[in-house]
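What follows is final_5.txt (compact mmCIF, C-alpha atoms).
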# COMPACT_ATOMS: atom_id res chain seq x y z
CA MET H 180 0.00 0.00 0.00
CA GLU H 181 2.76 2.43 0.95
CA LEU H 182 4.60 1.78 -2.31
CA TRP H 183 1.56 2.65 -4.40
CA LEU H 184 0.87 5.74 -2.32
CA VAL H 185 4.43 6.92 -2.94
CA ALA H 186 4.10 6.07 -6.64
CA ALA H 187 0.92 8.15 -6.97
CA ILE H 188 2.32 11.14 -5.06
CA ALA H 189 5.60 11.09 -6.97
CA TYR H 190 3.88 10.74 -10.34
CA PHE H 191 1.59 13.71 -9.78
CA CYS H 192 4.50 15.77 -8.43
CA GLY H 193 6.31 14.95 -11.65
CA CYS H 194 3.30 16.03 -13.72
CA PHE H 195 3.77 19.60 -12.43
CA ASN H 196 5.82 20.60 -15.48
CA GLY H 197 7.12 24.14 -15.06
CA ALA H 198 7.95 24.67 -18.74
CA VAL H 199 4.44 23.72 -19.89
CA ILE H 200 2.57 25.53 -17.12
CA ILE H 201 4.46 28.79 -17.50
CA SER H 202 4.51 28.82 -21.31
CA LYS H 203 0.92 27.69 -21.75
CA TYR H 204 -0.86 29.56 -18.96
CA ILE H 205 1.34 32.60 -18.35
CA LEU H 206 2.98 33.28 -21.71
CA ARG H 207 0.00 31.81 -23.61
CA ASP H 208 2.35 30.06 -26.02
CA ASP H 209 2.99 26.36 -25.41
CA VAL H 210 6.74 25.66 -25.47
CA ARG H 211 6.03 22.31 -27.13
CA ARG H 212 5.09 24.18 -30.31
CA HIS H 213 8.62 25.52 -30.65
CA GLY H 214 12.16 24.32 -31.21
CA SER H 215 12.67 20.68 -30.33
CA GLY H 216 9.06 20.35 -29.15
CA ASN H 217 10.36 19.25 -25.75
CA ALA H 218 8.73 20.52 -22.55
CA GLY H 219 12.02 21.06 -20.75
CA LEU H 220 14.32 23.77 -19.48
CA THR H 221 16.66 23.93 -22.47
CA ASN H 222 13.88 24.34 -25.02
CA PHE H 223 12.10 26.86 -22.79
CA TYR H 224 15.26 28.95 -22.48
CA ARG H 225 16.01 28.79 -26.19
CA THR H 226 12.45 29.78 -27.04
CA PHE H 227 11.55 32.39 -24.43
CA GLY H 228 14.58 33.17 -22.27
CA GLY H 229 14.07 35.78 -19.57
CA PRO H 230 13.55 35.56 -15.80
CA LEU H 231 10.71 33.03 -16.11
CA THR H 232 13.41 30.48 -16.89
CA PHE H 233 14.31 30.56 -13.20
CA VAL H 234 10.70 29.80 -12.31
CA VAL H 235 10.87 26.72 -14.54
CA ILE H 236 14.04 25.65 -12.73
CA LEU H 237 12.38 26.20 -9.36
CA CYS H 238 9.31 24.15 -10.34
CA ASP H 239 11.32 21.19 -11.61
CA VAL H 240 13.65 21.20 -8.63
CA LEU H 241 10.95 21.58 -5.98
CA LYS H 242 8.72 18.82 -7.33
CA ALA H 243 11.64 16.38 -7.22
CA VAL H 244 12.59 17.44 -3.70
CA ILE H 245 9.01 17.10 -2.45
CA ALA H 246 8.50 13.69 -4.07
CA VAL H 247 11.70 12.22 -2.62
CA LEU H 248 11.24 13.76 0.84
CA ILE H 249 7.74 12.32 1.12
CA ALA H 250 9.02 8.95 -0.05
CA ALA H 251 11.85 9.00 2.48
CA HIS H 252 9.42 9.85 5.27
CA ILE H 253 7.06 7.01 4.34
CA GLY H 254 9.94 4.61 3.77
CA GLY H 255 11.33 5.41 7.22
CA GLY H 256 8.15 4.03 8.78
CA PHE H 257 7.68 1.12 6.41
CA ASP H 258 7.57 -2.40 7.84
CA PRO H 259 6.60 -5.26 5.49
CA ARG H 260 6.06 -7.75 8.32
CA MET H 261 2.47 -8.69 9.05
CA MET H 262 2.88 -8.99 12.84
CA PRO H 263 6.17 -7.38 13.90
CA ASP H 264 7.26 -8.27 17.42
CA MET H 265 10.05 -5.69 17.51
CA PRO H 266 11.12 -2.60 15.53
CA LEU H 267 13.07 -3.01 12.33
CA SER H 268 16.84 -2.74 12.62
CA THR H 269 18.44 0.57 11.72
CA GLU H 270 20.06 -1.12 8.72
CA MET H 271 16.71 -2.27 7.35
CA THR H 272 15.11 1.11 7.98
CA VAL H 273 17.89 2.82 6.04
CA TYR H 274 17.45 0.28 3.24
CA TYR H 275 13.73 1.00 2.92
CA VAL H 276 14.34 4.74 2.94
CA VAL H 277 16.75 4.36 0.01
CA LEU H 278 14.44 1.93 -1.78
CA PHE H 279 11.50 4.31 -1.46
CA LYS H 280 13.64 7.17 -2.78
CA TYR H 281 14.44 5.21 -5.93
CA TRP H 282 10.81 4.15 -6.29
CA ALA H 283 9.67 7.77 -6.01
CA ALA H 284 12.38 8.86 -8.44
CA LEU H 285 11.07 6.47 -11.08
CA PHE H 286 7.48 7.69 -10.83
CA CYS H 287 8.45 11.36 -10.53
CA LEU H 288 10.36 11.08 -13.81
CA LEU H 289 7.47 9.17 -15.41
CA GLY H 290 5.19 12.04 -14.41
CA HIS H 291 7.62 14.61 -15.79
CA MET H 292 8.08 12.76 -19.07
CA PHE H 293 4.48 11.58 -19.51
CA PRO H 294 2.18 14.00 -17.62
CA CYS H 295 -1.42 12.83 -17.81
CA MET H 296 -2.84 16.37 -17.71
CA PHE H 297 -0.69 17.51 -20.64
CA HIS H 298 -1.50 14.66 -23.06
CA PHE H 299 1.52 12.67 -21.87
CA ARG H 300 3.93 15.07 -23.61
CA GLY H 301 6.50 16.20 -21.09
CA GLY H 302 10.20 16.83 -20.74
CA LYS H 303 13.30 14.65 -20.77
CA GLY H 304 13.84 14.63 -17.03
CA ILE H 305 17.37 15.99 -16.70
CA LEU H 306 16.76 18.84 -14.26
CA SER H 307 14.37 16.86 -12.08
CA GLY H 308 16.55 13.78 -12.37
CA GLY H 309 19.63 15.83 -11.55
CA THR H 310 17.92 17.03 -8.39
CA ILE H 311 16.83 13.52 -7.47
CA VAL H 312 20.38 12.13 -7.57
CA TRP H 313 21.45 14.61 -4.88
CA MET H 314 18.41 13.67 -2.81
CA ILE H 315 19.27 9.97 -3.07
CA ASP H 316 23.00 10.15 -2.29
CA TRP H 317 25.47 13.03 -2.65
CA ARG H 318 28.16 10.59 -3.82
CA ILE H 319 26.02 9.51 -6.76
CA GLY H 320 25.23 13.17 -7.33
CA LEU H 321 28.94 13.91 -7.69
CA VAL H 322 29.47 11.13 -10.22
CA VAL H 323 26.53 12.26 -12.34
CA TRP H 324 26.99 16.02 -12.09
CA VAL H 325 30.78 16.24 -12.43
CA GLY H 326 30.62 14.17 -15.61
CA PHE H 327 27.67 16.18 -16.91
CA LEU H 328 29.35 19.53 -16.28
CA LEU H 329 32.71 18.47 -17.72
CA LEU H 330 31.13 17.18 -20.94
CA PHE H 331 28.88 20.22 -21.25
CA LEU H 332 31.67 22.75 -20.63
CA LEU H 333 34.05 21.00 -23.03
CA THR H 334 31.57 20.45 -25.86
CA LYS H 335 28.62 22.81 -25.23
CA TYR H 336 26.31 19.85 -25.82
CA VAL H 337 23.69 19.62 -23.06
CA SER H 338 22.52 16.33 -24.53
CA LEU H 339 25.98 14.74 -24.25
CA GLY H 340 26.07 15.54 -20.55
CA SER H 341 22.53 14.18 -20.27
CA VAL H 342 23.54 10.90 -21.91
CA TRP H 343 26.39 10.62 -19.38
CA ALA H 344 23.90 11.21 -16.58
CA GLY H 345 21.55 8.49 -17.79
CA ALA H 346 24.36 6.01 -18.42
CA SER H 347 26.41 6.64 -15.28
CA PHE H 348 23.57 6.73 -12.75
CA PRO H 349 22.81 2.97 -12.67
CA PHE H 350 26.50 2.05 -12.45
CA ALA H 351 27.12 4.53 -9.65
CA THR H 352 24.10 3.05 -7.88
CA TRP H 353 25.48 -0.45 -8.42
CA TYR H 354 28.73 0.61 -6.76
CA PHE H 355 27.19 2.32 -3.71
CA TYR H 356 24.02 0.22 -3.30
CA PRO H 357 24.63 -3.30 -4.66
CA ASP H 358 21.08 -4.45 -4.00
CA PRO H 359 19.29 -6.09 -6.97
CA VAL H 360 15.99 -4.24 -6.52
CA ILE H 361 17.63 -0.82 -6.14
CA VAL H 362 19.97 -1.49 -9.06
CA LEU H 363 17.01 -2.55 -11.22
CA LEU H 364 15.21 0.69 -10.43
CA ALA H 365 18.38 2.64 -11.22
CA PHE H 366 18.72 0.93 -14.60
CA LEU H 367 15.08 1.70 -15.37
CA LEU H 368 15.69 5.36 -14.52
CA GLY H 369 18.81 5.48 -16.65
CA ALA H 370 17.04 3.75 -19.52
CA LEU H 371 14.21 6.32 -19.40
CA ILE H 372 16.71 9.18 -19.66
CA LEU H 373 18.55 7.57 -22.57
CA TRP H 374 15.32 6.66 -24.37
CA LYS H 375 14.04 10.25 -24.12
CA HIS H 376 17.37 11.41 -25.59
CA ARG H 377 17.41 8.89 -28.44
CA SER H 378 16.99 11.57 -31.13
CA ASN H 379 19.77 13.63 -29.52
CA ILE H 380 22.04 10.59 -29.58
CA VAL H 381 21.38 10.13 -33.31
CA ARG H 382 22.20 13.80 -33.96
CA LEU H 383 25.36 13.56 -31.86
CA ILE H 384 26.50 10.57 -33.90
CA HIS H 385 25.85 12.43 -37.15
CA GLY H 386 27.42 15.66 -35.88
CA ASN H 387 24.35 17.89 -36.27
CA GLU H 388 23.24 18.28 -32.65
CA ASN H 389 22.57 21.84 -31.47
CA LYS H 390 25.08 23.36 -29.08
CA PHE H 391 23.93 25.40 -26.11
CA SER H 392 24.21 29.18 -26.36
CA VAL H 393 23.42 31.85 -23.79
CA HIS H 394 21.76 33.79 -26.61
CA ARG H 395 18.28 32.44 -27.23
CA LYS H 396 17.10 31.85 -30.76
CA LYS H 397 14.91 34.56 -32.29
CA ASN H 398 11.52 33.54 -33.58

Mind converting the file's structure to structure tokens?
Amino acid sequence: MELWLVAAIAYFCGCFNGAVIISKYILRDDVRRHGSGNAGLTNFYRTFGGPLTFVVILCDVLKAVIAVLIAAHIGGGFDPRMMPDMPLSTEMTVYYVVLFKYWAALFCLLGHMFPCMFHFRGGKGILSGGTIVWMIDWRIGLVVWVGFLLLFLLTKYVSLGSVWAGASFPFATWYFYPDPVIVLLAFLLGALILWKHRSNIVRLIHGNENKFSVHRKKN
């Protein structure tokens, strides 16, 4: 029951897509009609720019933080035993907290990528996912973010850093949390990121991917 409660909360947190909400209801111009058609931070910045970009960042960060914090709270009180005669050990409690974080991460990203209230057309999950990795474990956050930033700064390809993030996350999880269920969830998360970037990967291979610029494109 607790797992499905966390899944529902995390999914609907993920559905709160800042790029769509701000472009569609404040700017009255859906970001998905422009550029790459993606409902994410990069496309929003390239299309509109301006201070509302920071509101998009805030939305995508906060929803990830809220989803994982709620999951950690519920996981901390989770006990799968039908008739427990004593409290769970600290080790098992910590395990369930981590497990619930990964579970929430999966559904938060599913909500971000496939929001039911926006016709299942969402973003690619990098900003929310990048927040989630810090919420799960700062060591995994370092692996993901240092690689992302190095690749981005050296090449100016946001998508290349994003591919690193999706590919490195499950292996970093495997190293720090060698539990089969947690590792499976991590590989599902990484696979989602890579699948959403499949067109970017093709363009990177063919050398025609767009590089990031601080100057937004003019309509």

Report as CSV: every residue of stretch 254-363 of chain H with an atom at most 10 Å from stretch 197-212 of chain H, its closest pair of atoms, and their distance in Å to one decimal, counting only C-alpha atoms, with rows sorted by chain and ascending residue number.
residue,atom,partner,partner_atom,distance
H:His291,CA,H:Gly197,CA,9.6
H:Phe297,CA,H:Val199,CA,8.1
H:Arg300,CA,H:Arg211,CA,8.3
H:Gly301,CA,H:Val199,CA,7.9
H:Gly302,CA,H:Ala198,CA,8.4

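The nearest approach to H:Tyr281 among the residues H:Val362, H:Leu321, H:Leu237, H:Val342, with all atoms listed in the file taken into account, belongs to H:Val362.
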
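Between atom CA of H:Lys390 and atom CA of H:Ile236 there is a distance of 19.9 Å.
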
Practice prompt. Within 8 Å of H:Phe331, counting only C-alpha atoms, which residues show up once you throw out same-chain ones fewer than 6 positions away? Write them as a list in words, please.
Written response: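 Listed by chain and then number, they are Val337, Leu339 and Gly340 of chain H.
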
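Across the model, the gap from atom CA of H:Thr310 to atom CA of H:Leu241 is 8.7 Å.
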
Fill in: Contacts of stretch 371-382 of chain H within 8 Å, all atoms listed in the file, excl. fewer than 2 positions in-chain, as a list in words
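Counting all atoms listed in the file, the residues come to Lys303, Gly304, Ile305, Ser338, Leu339, Ser341, Val342, Gly345, Ala346, Leu367, Leu368, Gly369, Ile384, His385, Gly386, Asn387 and Glu388 of chain H.
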
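Between atom CA of H:Ala187 and atom CA of H:Ser268 the interatomic distance comes to 27.5 Å.
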
Worksheet, complete the sentence: H:Phe195 proximity check over H:Lys280, H:His298, H:His252, H:Lys242, using all atoms listed in the file: winner is H:Lys242

Please write as a PDB file with C-alpha atoms, in the coordinates of the input the list of polymer residues whose atoms come within 12 Å of (16.9, 2.9, -8.0), counting only C-alpha atoms and keeping to the coordinates of the file.
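After the write, selection-v8.pdb holds the following:
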ATOM      1  CA  VAL H 247      11.700  12.220  -2.620  1.00  0.00           C
ATOM      2  CA  TYR H 274      17.450   0.280   3.240  1.00  0.00           C
ATOM      3  CA  TYR H 275      13.730   1.000   2.920  1.00  0.00           C
ATOM      4  CA  VAL H 276      14.340   4.740   2.940  1.00  0.00           C
ATOM      5  CA  VAL H 277      16.750   4.360   0.010  1.00  0.00           C
ATOM      6  CA  LEU H 278      14.440   1.930  -1.780  1.00  0.00           C
ATOM      7  CA  PHE H 279      11.500   4.310  -1.460  1.00  0.00           C
ATOM      8  CA  LYS H 280      13.640   7.170  -2.780  1.00  0.00           C
ATOM      9  CA  TYR H 281      14.440   5.210  -5.930  1.00  0.00           C
ATOM     10  CA  TRP H 282      10.810   4.150  -6.290  1.00  0.00           C
ATOM     11  CA  ALA H 283       9.670   7.770  -6.010  1.00  0.00           C
ATOM     12  CA  ALA H 284      12.380   8.860  -8.440  1.00  0.00           C
ATOM     13  CA  LEU H 285      11.070   6.470 -11.080  1.00  0.00           C
ATOM     14  CA  PHE H 286       7.480   7.690 -10.830  1.00  0.00           C
ATOM     15  CA  LEU H 288      10.360  11.080 -13.810  1.00  0.00           C
ATOM     16  CA  GLY H 308      16.550  13.780 -12.370  1.00  0.00           C
ATOM     17  CA  ILE H 311      16.830  13.520  -7.470  1.00  0.00           C
ATOM     18  CA  VAL H 312      20.380  12.130  -7.570  1.00  0.00           C
ATOM     19  CA  ILE H 315      19.270   9.970  -3.070  1.00  0.00           C
ATOM     20  CA  ASP H 316      23.000  10.150  -2.290  1.00  0.00           C
ATOM     21  CA  ILE H 319      26.020   9.510  -6.760  1.00  0.00           C
ATOM     22  CA  PHE H 348      23.570   6.730 -12.750  1.00  0.00           C
ATOM     23  CA  PRO H 349      22.810   2.970 -12.670  1.00  0.00           C
ATOM     24  CA  PHE H 350      26.500   2.050 -12.450  1.00  0.00           C
ATOM     25  CA  ALA H 351      27.120   4.530  -9.650  1.00  0.00           C
ATOM     26  CA  THR H 352      24.100   3.050  -7.880  1.00  0.00           C
ATOM     27  CA  TRP H 353      25.480  -0.450  -8.420  1.00  0.00           C
ATOM     28  CA  PHE H 355      27.190   2.320  -3.710  1.00  0.00           C
ATOM     29  CA  TYR H 356      24.020   0.220  -3.300  1.00  0.00           C
ATOM     30  CA  PRO H 357      24.630  -3.300  -4.660  1.00  0.00           C
ATOM     31  CA  ASP H 358      21.080  -4.450  -4.000  1.00  0.00           C
ATOM     32  CA  PRO H 359      19.290  -6.090  -6.970  1.00  0.00           C
ATOM     33  CA  VAL H 360      15.990  -4.240  -6.520  1.00  0.00           C
ATOM     34  CA  ILE H 361      17.630  -0.820  -6.140  1.00  0.00           C
ATOM     35  CA  VAL H 362      19.970  -1.490  -9.060  1.00  0.00           C
ATOM     36  CA  LEU H 363      17.010  -2.550 -11.220  1.00  0.00           C
ATOM     37  CA  LEU H 364      15.210   0.690 -10.430  1.00  0.00           C
ATOM     38  CA  ALA H 365      18.380   2.640 -11.220  1.00  0.00           C
ATOM     39  CA  PHE H 366      18.720   0.930 -14.600  1.00  0.00           C
ATOM     40  CA  LEU H 367      15.080   1.700 -15.370  1.00  0.00           C
ATOM     41  CA  LEU H 368      15.690   5.360 -14.520  1.00  0.00           C
ATOM     42  CA  GLY H 369      18.810   5.480 -16.650  1.00  0.00           C
ATOM     43  CA  ALA H 370      17.040   3.750 -19.520  1.00  0.00           C
TER      44      ALA H 370
END

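The protein and nucleic acid residues lying at most 8 Å from H:Trp343 are Val323, Gly326, Phe327, Leu339 and Ser347 of chain H, with all atoms listed in the file considered and sequence neighbours fewer than 4 positions away removed.
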
Worksheet entry | Nearest to H:Leu329, chosen from H:Glu270, H:Ala243, H:Ala344, H:Phe227, with all atoms listed in the file counted in the distances |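 Closest to H:Leu329 of all the choices is H:Ala344.
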
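Among H:Met271, H:Ile249, H:Cys194, H:Leu383, the residue with the shortest atom-to-atom distance to H:Phe299, counting only C-alpha atoms, is H:Cys194.
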